[in-house]
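*Asks:* Quick one: the structure is below, questions incoming.
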Amino acid sequence: MPAQSNFQAAIRDAQARALVGPNVVNNALPFVGGGMVLTAVGTWGGLSMVNSPAFMPLFWVALIGNLVLFFVARGVAIRGNNSTALPLLALYSLITGFTLSGLVAVAIGVAGIGGVGTAALATGATFLIASVFGRRMSDSVGQALGQVVVLGIIGLLIAMVIQIIGGLFLPGFGGSGLELMIAGFGTVLFTGAAFLDFYTMPRTYRDDQYLAGALSMYLTYINLFIFILRLVIALSGSSRD
């Protein structure tokens with residue numbers, strides 16, 4: 001018994017050492033919420049000018065600028081320079097909202113404002129469930145889920161590239177069936193990633209890197225919202241055919 005007890009204690013100590021940031025999730029959550037609010041503001045701003053001739057030029061400038069801003073903000077946040085990272089991440093959230101406004105406008109046109117509300121509620125419900133069960137995930141489940149999510153993202157990116165290239169050269173390529181498949185797969189994939197965040201963040205980021213963790217979690221839920229919204233659009237479109 002003493003030997004078994006010592007062995008179990010050693011395992012517990014090893015697991016405790018694996019947590020490099022035991023408080024990083026709690027520190028990050030307010031900033032994830034704040035980022036979502038700013039994204040909603042940016043989306044509202046984009047919707048107000050989506051029919052303007054200036055929208056598309058601004059969209060492409062925002063999209064390219066946001067990509068650059070992401071890497072800059074993430075690098076600053078990883079170094080734990082939170083006072084500099086915070087305004088960068090706030091700006092990133094606002095611009096992300098602007099770039100989403102076109103997709104939201106399409107969703108409103110196809111499924112109505114209720115479709116957008118459904119996507120938002122589903123994203124929020126996933127967060128609440130993941131926050132409870134993701135924290136309790138065992139190492140074996142967490143590591144297995146992590147491998148599945150990584151492989152799934154690679155497959156999703158390949159499918160999206162095929163969809164884009166096919167659409168450029170073959171109008172109507174894949175039709176609504178391909179879009180429905182990609183939207184459904186992306187929804188399932190980022191639902192898994194939402195649970196995984198609560199397992200990986202304390203093992204990836206130190207407590208002072210909470211803004212880097214917040215950015216990672218923010219991207220998971222933004223992508224989840226996007227794919228749920230695409231799924232709503234695809235289902236609404238197919239029901240009209």
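If you're wondering about the labels, chains in the structure tokens are A, B, ... by order shown, residues count from 1 in each chain, ligands from 1 in order shown.
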List the neighbours of Ser48 in chain A out to 12 Å using only C-alpha atoms; skip same-chain residues closer than 6 positions along the sequence, and give me the result as a ChimeraX atom specification.
*Replies:* /A:41-42,54-55,98,101-102,104-105
*Asks:* Please, could you write that set of residues out with N, CA and C atoms as a tab-separated table (two decimals), in the first residue's frame?
*Replies:*
```
chain	number	residue	atom	x	y	z
A	41	VAL	N	-20.04	44.82	-32.22
A	41	VAL	CA	-20.06	46.24	-32.58
A	41	VAL	C	-19.52	46.43	-33.99
A	42	GLY	N	-18.39	45.75	-34.29
A	42	GLY	CA	-17.81	45.84	-35.62
A	42	GLY	C	-18.74	45.30	-36.70
A	54	ALA	N	-18.35	51.62	-51.06
A	54	ALA	CA	-17.06	51.58	-50.36
A	54	ALA	C	-16.87	50.32	-49.54
A	55	PHE	N	-17.92	49.51	-49.40
A	55	PHE	CA	-17.83	48.36	-48.49
A	55	PHE	C	-16.77	47.34	-48.94
A	98	PHE	N	-16.18	43.58	-38.51
A	98	PHE	CA	-16.45	44.22	-39.80
A	98	PHE	C	-16.35	43.21	-40.94
A	101	SER	N	-19.42	41.01	-41.36
A	101	SER	CA	-20.72	41.63	-41.63
A	101	SER	C	-21.32	41.17	-42.96
A	102	GLY	N	-20.48	40.88	-43.97
A	102	GLY	CA	-21.01	40.40	-45.23
A	102	GLY	C	-21.70	39.06	-45.08
A	104	VAL	N	-22.94	37.82	-42.30
A	104	VAL	CA	-24.13	38.04	-41.49
A	104	VAL	C	-25.26	38.62	-42.34
A	105	ALA	N	-24.91	39.53	-43.26
A	105	ALA	CA	-25.93	40.11	-44.14
A	105	ALA	C	-26.56	39.03	-45.02
```
*Asks:* With a distance cut-off of 8 Å and only C-alpha atoms, select the neighbouring residues of Asp197 in chain A, excluding the residue or stretch itself and same-chain residues fewer than 6 positions from it, and output the selection as an MDAnalysis selection string.
*Replies:* chainID A and resid 134 216:217
*Asks:* Which residues are near Asn82 in chain A? Cut-off 12 Å, only C-alpha atoms, ignore same chain within fewer than 3 positions. Put them as JSON, numbers by chain.
*Replies:* {"A": [27, 28, 31, 73, 74, 75, 76, 77, 78, 79, 85, 86, 87, 88, 89, 90, 207, 208, 209, 210, 211, 212, 213, 214, 215]}
*Asks:* Quick check, in Å to one decimal: how far apart do CA of Gly33 in chain A and CA of Val132 in chain A lie?
*Replies:*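 Separation of CA of Gly33 in chain A and CA of Val132 in chain A: 16.6 Å.
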*Asks:* As an exercise, work out the distance from CA of Ser138 in chain A to CA of Ile228 in chain A in Å and give it to one decimal place.
*Replies:*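 Computing the Euclidean distance for CA of Ser138 in chain A and CA of Ile228 in chain A yields 27.4 Å.
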*Asks:* What does the structure give for the distance between CA of Thr187 in chain A and CA of Trp60 in chain A, in Å to one decimal?
*Replies:*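 So the two atoms, CA of Thr187 in chain A and CA of Trp60 in chain A, lie 25.3 Å apart.
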*Asks:* Would you please work out which residue, of A:Tyr199, A:Ser93, A:Arg206, A:Met160, is nearest to Val32 in chain A when using only C-alpha atoms?
*Replies:*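 Using only C-alpha atoms, Val32 in chain A sits closest to A:Ser93.
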*Asks:* So, with only C-alpha atoms as the atoms that count, which of A:Gly65, A:Gly46, A:Gly177, A:Gly155 lies closest to Gly237 in chain A?
*Replies:* A:Gly177
*Asks:* Would you list the contacts of range 218-223 of chain A as a PyMOL selection string, taking every protein, DNA or RNA residue within 8 Å and counting only C-alpha atoms, but skipping same-chain residues closer than 2 positions in sequence?
*Replies:* chain A and resi 32+35-36+123+127+190+193-194+214-216+225-227
*Asks:* May I have the residues from that selection written out with C-alpha atoms, as a compact mmCIF listing (two decimals), in the first residue's frame?
*Replies:*
```
# COMPACT_ATOMS: atom_id res chain seq x y z
CA VAL A 32 -12.89 36.62 -24.54
CA GLY A 35 -13.72 40.56 -27.66
CA MET A 36 -17.08 39.09 -28.60
CA THR A 123 -22.22 29.30 -29.89
CA PHE A 127 -19.27 27.74 -24.50
CA PHE A 190 -14.87 23.67 -33.72
CA ALA A 193 -12.03 22.60 -30.29
CA ALA A 194 -14.21 24.55 -27.84
CA ALA A 214 -7.95 34.68 -24.73
CA LEU A 215 -7.05 35.20 -28.40
CA SER A 216 -6.84 31.43 -28.96
CA PHE A 225 -20.09 30.95 -35.00
CA ILE A 226 -19.02 31.28 -38.66
CA PHE A 227 -19.55 27.60 -39.44
```
*Asks:* Kindly indicate which residue among A:Thr126, A:Gln163, A:Thr43, A:Thr191 lies nearest to Leu94 in chain A, using only C-alpha atoms for the distances.
*Replies:*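 Ranking A:Thr126, A:Gln163, A:Thr43, A:Thr191 by distance to Leu94 in chain A, first place goes to A:Thr43.
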*Asks:* So that I can see what lies close to Leu145 in chain A, please list as a list in words the residues with an atom at most 9 Å from it, counting only C-alpha atoms and leaving out residues fewer than 5 positions away in the same chain.
*Replies:*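 My list of contacting residues is Ser140, Val150, Gly192, Ala193, Phe195 and Leu196 of chain A.
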*Asks:* Write a file of the just-selected residues containing N, CA and C atoms, as a PDB file, in the first residue's frame.
*Replies:*
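In the end it all went to result00.pdb:
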```pdb
ATOM      1  N   SER A 140      -5.944  11.476 -21.298  1.00  0.00           N
ATOM      2  CA  SER A 140      -6.073  10.593 -22.458  1.00  0.00           C
ATOM      3  C   SER A 140      -7.096  11.142 -23.451  1.00  0.00           C
ATOM      4  N   VAL A 150      -6.618  18.624 -34.783  1.00  0.00           N
ATOM      5  CA  VAL A 150      -5.540  19.045 -35.698  1.00  0.00           C
ATOM      6  C   VAL A 150      -5.724  18.422 -37.069  1.00  0.00           C
ATOM      7  N   GLY A 192     -15.646  20.551 -31.004  1.00  0.00           N
ATOM      8  CA  GLY A 192     -14.604  19.792 -30.313  1.00  0.00           C
ATOM      9  C   GLY A 192     -13.482  20.692 -29.838  1.00  0.00           C
ATOM     10  N   ALA A 193     -13.090  21.667 -30.667  1.00  0.00           N
ATOM     11  CA  ALA A 193     -12.028  22.597 -30.286  1.00  0.00           C
ATOM     12  C   ALA A 193     -12.429  23.449 -29.085  1.00  0.00           C
ATOM     13  N   PHE A 195     -14.249  22.499 -26.524  1.00  0.00           N
ATOM     14  CA  PHE A 195     -13.983  21.685 -25.335  1.00  0.00           C
ATOM     15  C   PHE A 195     -12.480  21.579 -25.097  1.00  0.00           C
ATOM     16  N   LEU A 196     -11.730  21.436 -26.189  1.00  0.00           N
ATOM     17  CA  LEU A 196     -10.280  21.236 -26.071  1.00  0.00           C
ATOM     18  C   LEU A 196      -9.584  22.448 -25.479  1.00  0.00           C
TER      19      LEU A 196
END
```
*Asks:* Select, from A:Val24, A:Gly167, A:Val106, A:Gly175, the residue with the minimum atom-to-atom distance to Asn51 in chain A, counting only C-alpha atoms.
*Replies:* A:Val106
